[in-house]
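What follows is the content of run28.txt, which has compact mmCIF, C-alpha atoms:
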# COMPACT_ATOMS: atom_id res chain seq x y z
CA MET A 16 147.46 -29.72 29.13
CA THR A 17 150.90 -28.74 27.85
CA VAL A 18 152.29 -29.79 24.49
CA GLU A 19 154.80 -32.12 26.15
CA ALA A 20 152.10 -33.80 28.22
CA ALA A 21 149.85 -34.22 25.19
CA THR A 22 152.73 -35.74 23.19
CA ALA A 23 153.58 -38.13 26.01
CA GLU A 24 149.93 -39.18 26.32
CA ALA A 25 149.69 -39.81 22.56
CA GLU A 26 152.85 -41.93 22.62
CA ARG A 27 151.51 -43.89 25.59
CA ARG A 28 148.26 -44.61 23.73
CA GLN A 29 150.18 -45.71 20.64
CA ARG A 30 152.36 -48.08 22.68
CA LEU A 31 149.25 -49.51 24.33
CA ALA A 32 147.55 -50.04 20.97
CA ARG A 33 150.65 -51.76 19.54
CA ALA A 34 150.87 -53.99 22.61
CA LEU A 35 147.23 -55.01 22.29
CA VAL A 36 147.58 -55.76 18.59
CA SER A 37 150.82 -57.70 19.02
CA GLY A 38 149.33 -59.68 21.92
CA ARG A 39 146.40 -61.00 19.91
CA PRO A 40 146.70 -64.65 18.89
CA ASP A 41 146.62 -65.68 15.27
CA PRO A 42 142.93 -66.02 14.24
CA TRP A 43 143.75 -69.02 12.03
CA LEU A 44 145.45 -70.70 14.98
CA LEU A 45 142.33 -70.11 17.08
CA ARG A 46 140.12 -71.60 14.37
CA LEU A 47 142.41 -74.63 14.10
CA ALA A 48 142.37 -75.14 17.89
CA LEU A 49 138.56 -74.85 17.95
CA LEU A 50 138.23 -77.34 15.09
CA ALA A 51 140.55 -79.79 16.87
CA ALA A 52 138.55 -79.44 20.11
CA VAL A 53 135.26 -80.10 18.30
CA ALA A 54 136.74 -83.11 16.50
CA LEU A 55 138.05 -84.51 19.79
CA LEU A 56 134.65 -83.99 21.43
CA VAL A 57 132.82 -85.78 18.63
CA PHE A 58 135.34 -88.65 18.62
CA ALA A 59 135.07 -89.09 22.41
CA ALA A 60 131.26 -88.99 22.28
CA MET A 61 131.17 -91.67 19.59
CA ARG A 62 133.93 -93.76 21.21
CA PHE A 63 132.10 -93.92 24.55
CA ASP A 64 128.62 -94.35 23.01
CA LEU A 65 127.32 -90.92 24.03
CA ILE A 66 126.15 -90.73 20.44
CA GLY A 67 124.61 -94.02 19.43
CA ALA A 68 122.04 -96.70 20.08
CA LYS A 69 123.48 -97.82 23.42
CA PHE A 70 122.93 -94.44 25.07
CA ALA A 71 119.44 -94.11 23.60
CA ALA A 72 118.52 -97.61 24.80
CA GLY A 73 119.72 -96.82 28.33
CA LEU A 74 117.53 -93.75 28.80
CA PRO A 75 114.27 -95.72 29.31
CA LYS A 76 116.02 -97.94 31.88
CA LEU A 77 117.25 -94.86 33.69
CA ALA A 78 113.72 -93.49 33.73
CA ASP A 79 112.43 -96.80 35.13
CA ALA A 80 115.00 -96.71 37.93
CA ALA A 81 114.06 -93.12 38.75
CA SER A 82 110.37 -94.01 38.85
CA MET A 83 111.06 -96.85 41.32
CA MET A 84 112.69 -94.35 43.70
CA VAL A 85 109.40 -92.47 44.13
CA PRO A 86 108.04 -92.30 46.74
CA PRO A 87 110.93 -92.69 49.23
CA ARG A 88 110.40 -95.57 51.65
CA GLY A 89 111.92 -97.07 54.76
CA TRP A 90 111.32 -94.26 57.22
CA GLN A 91 111.24 -96.82 60.04
CA HIS A 92 115.02 -97.14 59.56
CA LEU A 93 115.53 -93.38 60.00
CA PRO A 94 117.31 -93.59 63.41
CA GLU A 95 119.77 -96.15 62.02
CA TRP A 96 120.41 -94.05 58.91
CA LEU A 97 120.85 -90.83 60.87
CA ASN A 98 123.40 -92.57 63.06
CA ALA A 99 125.25 -93.77 59.94
CA LEU A 100 125.05 -90.26 58.45
CA ALA A 101 126.54 -88.78 61.63
CA GLU A 102 129.32 -91.37 61.39
CA THR A 103 130.03 -90.27 57.81
CA ILE A 104 130.16 -86.57 58.77
CA ALA A 105 132.42 -87.36 61.73
CA MET A 106 134.66 -89.48 59.49
CA ALA A 107 135.00 -86.58 57.04
CA PHE A 108 135.69 -84.14 59.88
CA MET A 109 138.36 -86.30 61.54
CA GLY A 110 140.05 -87.07 58.22
CA THR A 111 140.09 -83.40 57.24
CA LEU A 112 141.43 -82.35 60.64
CA LEU A 113 144.26 -84.89 60.59
CA GLY A 114 145.09 -84.03 56.99
CA ALA A 115 145.16 -80.29 57.79
CA ILE A 116 147.45 -80.82 60.79
CA ALA A 117 149.88 -82.83 58.64
CA ALA A 118 149.61 -80.30 55.78
CA VAL A 119 150.77 -77.29 57.84
CA PRO A 120 154.46 -78.29 58.18
CA LEU A 121 154.36 -79.91 54.74
CA GLY A 122 152.98 -76.70 53.23
CA PHE A 123 155.79 -74.64 54.76
CA ALA A 124 158.29 -77.20 53.46
CA CYS A 125 156.82 -76.95 49.95
CA ALA A 126 156.90 -73.13 49.80
CA ARG A 127 159.88 -71.51 48.12
CA ASN A 128 160.06 -68.55 50.48
CA THR A 129 160.14 -70.65 53.69
CA LEU A 130 162.46 -73.45 52.54
CA PRO A 131 165.33 -71.95 50.51
CA LEU A 132 166.96 -75.33 49.82
CA ARG A 133 165.58 -75.99 46.35
CA ALA A 134 166.39 -79.71 46.18
CA LEU A 135 164.71 -80.37 49.53
CA GLN A 136 161.73 -78.19 48.67
CA PHE A 137 161.36 -80.03 45.32
CA GLY A 138 161.36 -83.36 47.18
CA PHE A 139 158.64 -82.22 49.58
CA ARG A 140 156.52 -80.99 46.66
CA ARG A 141 156.80 -84.32 44.88
CA PHE A 142 155.92 -86.10 48.13
CA ALA A 143 152.76 -83.98 48.46
CA ASP A 144 151.94 -84.74 44.81
CA SER A 145 152.25 -88.47 45.47
CA LEU A 146 149.82 -88.26 48.40
CA ARG A 147 147.06 -86.64 46.36
CA SER A 148 147.74 -88.48 43.10
CA LEU A 149 145.54 -91.41 44.17
CA ASP A 150 141.84 -91.01 44.84
CA HIS A 151 140.24 -91.48 48.26
CA LEU A 152 138.73 -94.75 47.03
CA ILE A 153 142.13 -96.29 46.24
CA TRP A 154 143.58 -95.26 49.59
CA ALA A 155 140.47 -96.60 51.34
CA ILE A 156 140.95 -100.02 49.73
CA VAL A 157 144.59 -100.01 50.90
CA PHE A 158 143.67 -99.05 54.47
CA VAL A 159 140.75 -101.50 54.64
CA ARG A 160 143.31 -104.17 53.85
CA ALA A 161 145.63 -102.79 56.55
CA VAL A 162 143.27 -101.97 59.45
CA GLY A 163 140.07 -103.79 58.50
CA LEU A 164 136.55 -102.62 57.80
CA GLY A 165 135.19 -99.54 59.49
CA PRO A 166 135.48 -95.75 59.65
CA LEU A 167 139.18 -95.81 60.60
CA ALA A 168 140.11 -96.82 57.05
CA GLY A 169 138.01 -93.96 55.67
CA ILE A 170 139.55 -91.43 58.09
CA MET A 171 143.06 -92.49 57.10
CA ALA A 172 142.25 -92.33 53.38
CA ILE A 173 140.81 -88.81 53.68
CA ALA A 174 143.73 -87.65 55.84
CA VAL A 175 146.35 -88.86 53.36
CA VAL A 176 144.73 -87.22 50.33
CA ASP A 177 143.99 -84.00 52.24
CA ALA A 178 147.57 -83.77 53.50
CA GLY A 179 148.80 -83.61 49.90
CA THR A 180 146.03 -81.36 48.60
CA LEU A 181 146.07 -78.89 51.49
CA ALA A 182 149.89 -78.79 51.48
CA LYS A 183 149.74 -77.51 47.90
CA LEU A 184 147.07 -74.92 48.74
CA TYR A 185 148.91 -73.81 51.89
CA SER A 186 152.23 -73.49 50.07
CA GLU A 187 150.68 -71.36 47.33
CA ALA A 188 149.14 -69.07 49.95
CA ILE A 189 152.52 -68.81 51.72
CA GLU A 190 154.36 -68.00 48.49
CA ASN A 191 151.92 -65.19 47.60
CA VAL A 192 152.13 -63.27 50.88
CA ASP A 193 153.00 -59.60 51.02
CA ARG A 194 156.74 -59.33 51.73
CA ARG A 195 156.53 -55.98 53.54
CA PRO A 196 155.29 -57.33 56.91
CA LEU A 197 158.06 -59.95 56.83
CA GLU A 198 160.72 -57.36 56.09
CA GLY A 199 159.32 -55.10 58.80
CA ALA A 200 159.47 -57.92 61.36
CA ARG A 201 163.07 -58.75 60.40
CA SER A 202 164.08 -55.09 60.63
CA THR A 203 163.07 -55.09 64.29
CA GLY A 204 165.45 -57.97 64.98
CA ALA A 205 162.82 -60.72 65.06
CA SER A 206 164.01 -64.29 64.61
CA GLU A 207 162.77 -66.42 61.72
CA PRO A 208 160.08 -68.21 63.82
CA GLU A 209 158.93 -64.82 65.16
CA THR A 210 158.84 -63.42 61.62
CA ILE A 211 156.65 -66.32 60.52
CA ARG A 212 154.43 -65.97 63.60
CA TRP A 213 153.84 -62.20 63.35
CA GLY A 214 154.48 -61.41 59.69
CA LEU A 215 153.32 -64.45 57.73
CA LEU A 216 150.67 -66.34 59.69
CA PRO A 217 148.21 -63.41 60.01
CA GLN A 218 148.19 -63.17 56.21
CA VAL A 219 147.80 -66.85 55.33
CA LEU A 220 145.76 -68.21 58.23
CA PRO A 221 142.31 -67.06 56.94
CA ASN A 222 142.97 -68.61 53.52
CA MET A 223 144.27 -71.81 55.11
CA LEU A 224 141.19 -72.13 57.30
CA ALA A 225 138.90 -71.38 54.35
CA SER A 226 140.60 -74.09 52.26
CA THR A 227 140.27 -76.55 55.14
CA LEU A 228 136.55 -75.84 55.47
CA TYR A 229 136.07 -76.40 51.75
CA MET A 230 137.89 -79.73 52.00
CA TRP A 231 135.63 -80.81 54.87
CA GLU A 232 132.60 -80.05 52.72
CA SER A 233 134.07 -82.01 49.81
CA ASN A 234 135.16 -84.89 52.04
CA THR A 235 131.63 -85.36 53.32
CA ARG A 236 130.67 -86.43 49.80
CA SER A 237 133.81 -88.53 49.46
CA ALA A 238 133.15 -90.28 52.78
CA THR A 239 129.78 -91.41 51.42
CA ILE A 240 131.51 -93.19 48.54
CA LEU A 241 134.11 -94.71 50.87
CA GLY A 242 131.38 -96.62 52.67
CA ILE A 243 130.88 -98.70 49.54
CA VAL A 244 134.33 -100.29 49.97
CA GLY A 245 133.82 -101.03 53.65
CA ALA A 246 134.65 -97.75 55.41
CA GLY A 247 131.26 -97.65 57.12
CA GLY A 248 128.83 -94.77 57.43
CA ILE A 249 125.84 -93.95 55.28
CA GLY A 250 127.63 -95.13 52.14
CA TYR A 251 127.51 -98.73 53.36
CA GLN A 252 123.76 -98.43 53.97
CA LEU A 253 123.27 -97.00 50.48
CA SER A 254 125.34 -99.67 48.75
CA ASP A 255 123.48 -102.37 50.69
CA ARG A 256 120.10 -101.09 49.37
CA LEU A 257 121.38 -100.71 45.83
CA ARG A 258 122.76 -104.25 45.91
CA VAL A 259 119.27 -105.67 46.50
CA TYR A 260 117.58 -103.14 44.17
CA ASP A 261 115.59 -101.54 46.99
CA TRP A 262 115.23 -98.24 45.14
CA GLY A 263 112.68 -96.76 47.52
CA GLU A 264 114.89 -97.00 50.58
CA ALA A 265 117.92 -95.96 48.50
CA SER A 266 116.10 -92.76 47.52
CA THR A 267 115.48 -91.95 51.19
CA ILE A 268 119.17 -92.38 51.98
CA ILE A 269 120.13 -90.23 48.99
CA LEU A 270 117.70 -87.56 50.20
CA LEU A 271 119.34 -87.57 53.65
CA ILE A 272 122.78 -87.26 52.06
CA LEU A 273 121.64 -84.32 49.93
CA ILE A 274 120.23 -82.50 52.96
CA ALA A 275 123.41 -83.08 54.98
CA VAL A 276 125.72 -81.95 52.15
CA TYR A 277 123.58 -78.86 51.54
CA ALA A 278 123.67 -77.93 55.23
CA ILE A 279 127.44 -78.39 55.46
CA ASP A 280 127.91 -76.45 52.23
CA LEU A 281 125.84 -73.56 53.59
CA ILE A 282 127.66 -73.47 56.92
CA SER A 283 131.15 -73.78 55.47
CA ALA A 284 130.48 -71.18 52.75
CA ARG A 285 129.43 -68.62 55.35
CA LEU A 286 132.42 -69.42 57.53
CA ARG A 287 134.77 -69.15 54.53
CA ARG A 288 133.37 -65.74 53.58
CA ALA A 289 133.72 -64.52 57.17
CA LEU A 290 137.31 -65.79 57.39
CA ILE A 291 138.34 -64.28 54.06
CA ARG A 292 136.76 -60.91 54.94
CA GLY A 293 138.50 -61.02 58.31
CA GLY A 294 141.81 -61.79 56.67
CA GLU A 295 141.44 -58.95 54.16
CA SER A 296 140.63 -56.44 56.90
CA ALA A 297 143.56 -57.68 59.01
CA ALA A 298 145.96 -57.41 56.07
CA ARG A 299 144.75 -53.92 55.09
CA PRO A 300 147.29 -51.30 56.19
CA ILE A 301 146.11 -48.78 58.76

Using structure tokens, write down the structure from this file.
Amino acid sequence: MTVEAATAEAERRQRLARALVSGRPDPWLLRLALLAAVALLVFAAMRFDLIGAKFAAGLPKLADAASMMVPPRGWQHLPEWLNALAETIAMAFMGTLLGAIAAVPLGFACARNTLPLRALQFGFRRFADSLRSLDHLIWAIVFVRAVGLGPLAGIMAIAVVDAGTLAKLYSEAIENVDRRPLEGARSTGASEPETIRWGLLPQVLPNMLASTLYMWESNTRSATILGIVGAGGIGYQLSDRLRVYDWGEASTIILLILIAVYAIDLISARLRRALIRGGESAARPI
């Protein structure tokens, strides 16, 4: 190594060391933030009776309820419950599909690099925020009032929330694409739709599909809760048993829900990994 190279390397190391030292936060500020976090945690625990007699008195009751759920009962109702479980899974699937279809154009409208008009893009982003700002349960109550009891209200509630959530995820994927394929497509004289079709979609489509699969998995759990407010499915069967304190049959329904969610989680996780690997290999330059 020459003298010039050694000097340059020493200067580089010194600059790196100074940058690391200057980038460290104040230790007293860290201690103050930690103390504030601990104080807030203790206050919240005491305010909501996580520390106190009320929580301690509730533990035996919780143990009694758990003991009444063993062994699971009501296996003679299994065909009815499986049909309700299939209805819940179908409700989650249809809601996710409709939400994903609506989220595709909304996601492009929310992305900065596909909608250059900042005021319009800001409006679409706030619209997507408003869709996902309310929980599925609130939307389900609204749609039960509008269309009546049944899975349609649950499908509409899931679709509305997913449209806002997936639009945000899609727009972030669109904004983080590699610009080189887009510039290469434009250099060949491709129009803007052709540039999006051949330069952008191959990069973002695997991530979009993976996000959609994750939402379907999550919505299966949400669809169970929606049945409590009249959206049908296995959630209605569960709430009906809990209302009459039939803990044995409720435990059987909960067991079926756990098995279904685990199976969907396993399938969607494998599909997501396959899609992401496929997208990485497709985006890798030859």

Show which residues sit within 12 Å of region 116-118 of chain A, as an MDAnalysis selection string. Count only C-alpha atoms, and ignore same-chain residues fewer than 5 positions away.
chainID A and resid 109:111 123:126 139:140 142:143 146:147 171 173:186 223:224 226:227

May I have a table of the residues of region 177-269 of chain A lying at most 6 Å from region 72-84 of chain A, giving each one's closest pair of atoms and their distance in Å to one decimal, counting only C-alpha atoms, ordered by chain and ascending residue number, as a Markdown table?
| residue | atom | partner | partner_atom | distance |
| --- | --- | --- | --- | --- |
| A:Trp262 | CA | A:Met84 | CA | 4.9 |
| A:Gly263 | CA | A:Met84 | CA | 4.5 |
| A:Ser266 | CA | A:Met84 | CA | 5.4 |

Keeping only C-alpha atoms, write those residues as an mmCIF file, keeping the file's coordinate frame.
data_model
loop_
_atom_site.group_PDB
_atom_site.id
_atom_site.type_symbol
_atom_site.label_atom_id
_atom_site.label_comp_id
_atom_site.auth_asym_id
_atom_site.auth_seq_id
_atom_site.Cartn_x
_atom_site.Cartn_y
_atom_site.Cartn_z
ATOM 1 C CA TRP A 262 115.230 -98.240 45.140
ATOM 2 C CA GLY A 263 112.680 -96.760 47.520
ATOM 3 C CA SER A 266 116.100 -92.760 47.520
#

Atomic distance CA of Gly165 (chain A) - CA of Gly245 (chain A), expressed in Å with one decimal
6.2 Å

In Å, rounded to a single decimal, give me how far CA of Arg201 (chain A) is from CA of Gly214 (chain A).
9.0 Å

Non-local contacts of Gly250 (chain A) (7 Å; all atoms listed in the file; under 5 positions in same chain excluded) as a list in words:
Thr239, Ile240, Leu241, Gly242 and Ile243 of chain A

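CA of Ala278 (chain A) to CA of Pro217 (chain A) spans 28.9 Å [interatomic distance, one decimal].
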
Kindly provide, as an mmCIF file with C-alpha atoms, keeping the file's coordinate frame, the polymer residues lying within 8 Å of (123.2, -83.0, 59.4), counting only C-alpha atoms and using the coordinates exactly as they appear in the file.
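What follows is the written file result38.cif:
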data_model
loop_
_atom_site.group_PDB
_atom_site.id
_atom_site.type_symbol
_atom_site.label_atom_id
_atom_site.label_comp_id
_atom_site.auth_asym_id
_atom_site.auth_seq_id
_atom_site.Cartn_x
_atom_site.Cartn_y
_atom_site.Cartn_z
ATOM 1 C CA LEU A 100 125.050 -90.260 58.450
ATOM 2 C CA ALA A 101 126.540 -88.780 61.630
ATOM 3 C CA ILE A 104 130.160 -86.570 58.770
ATOM 4 C CA ILE A 274 120.230 -82.500 52.960
ATOM 5 C CA ALA A 275 123.410 -83.080 54.980
ATOM 6 C CA VAL A 276 125.720 -81.950 52.150
ATOM 7 C CA ALA A 278 123.670 -77.930 55.230
ATOM 8 C CA ILE A 279 127.440 -78.390 55.460
#

Choose the residue, out of A:Ala99, A:Ala284, A:Leu135, A:Ala52, that has the smallest atom-to-atom separation from Ser233 (chain A); count all atoms listed in the file.
A:Ala284
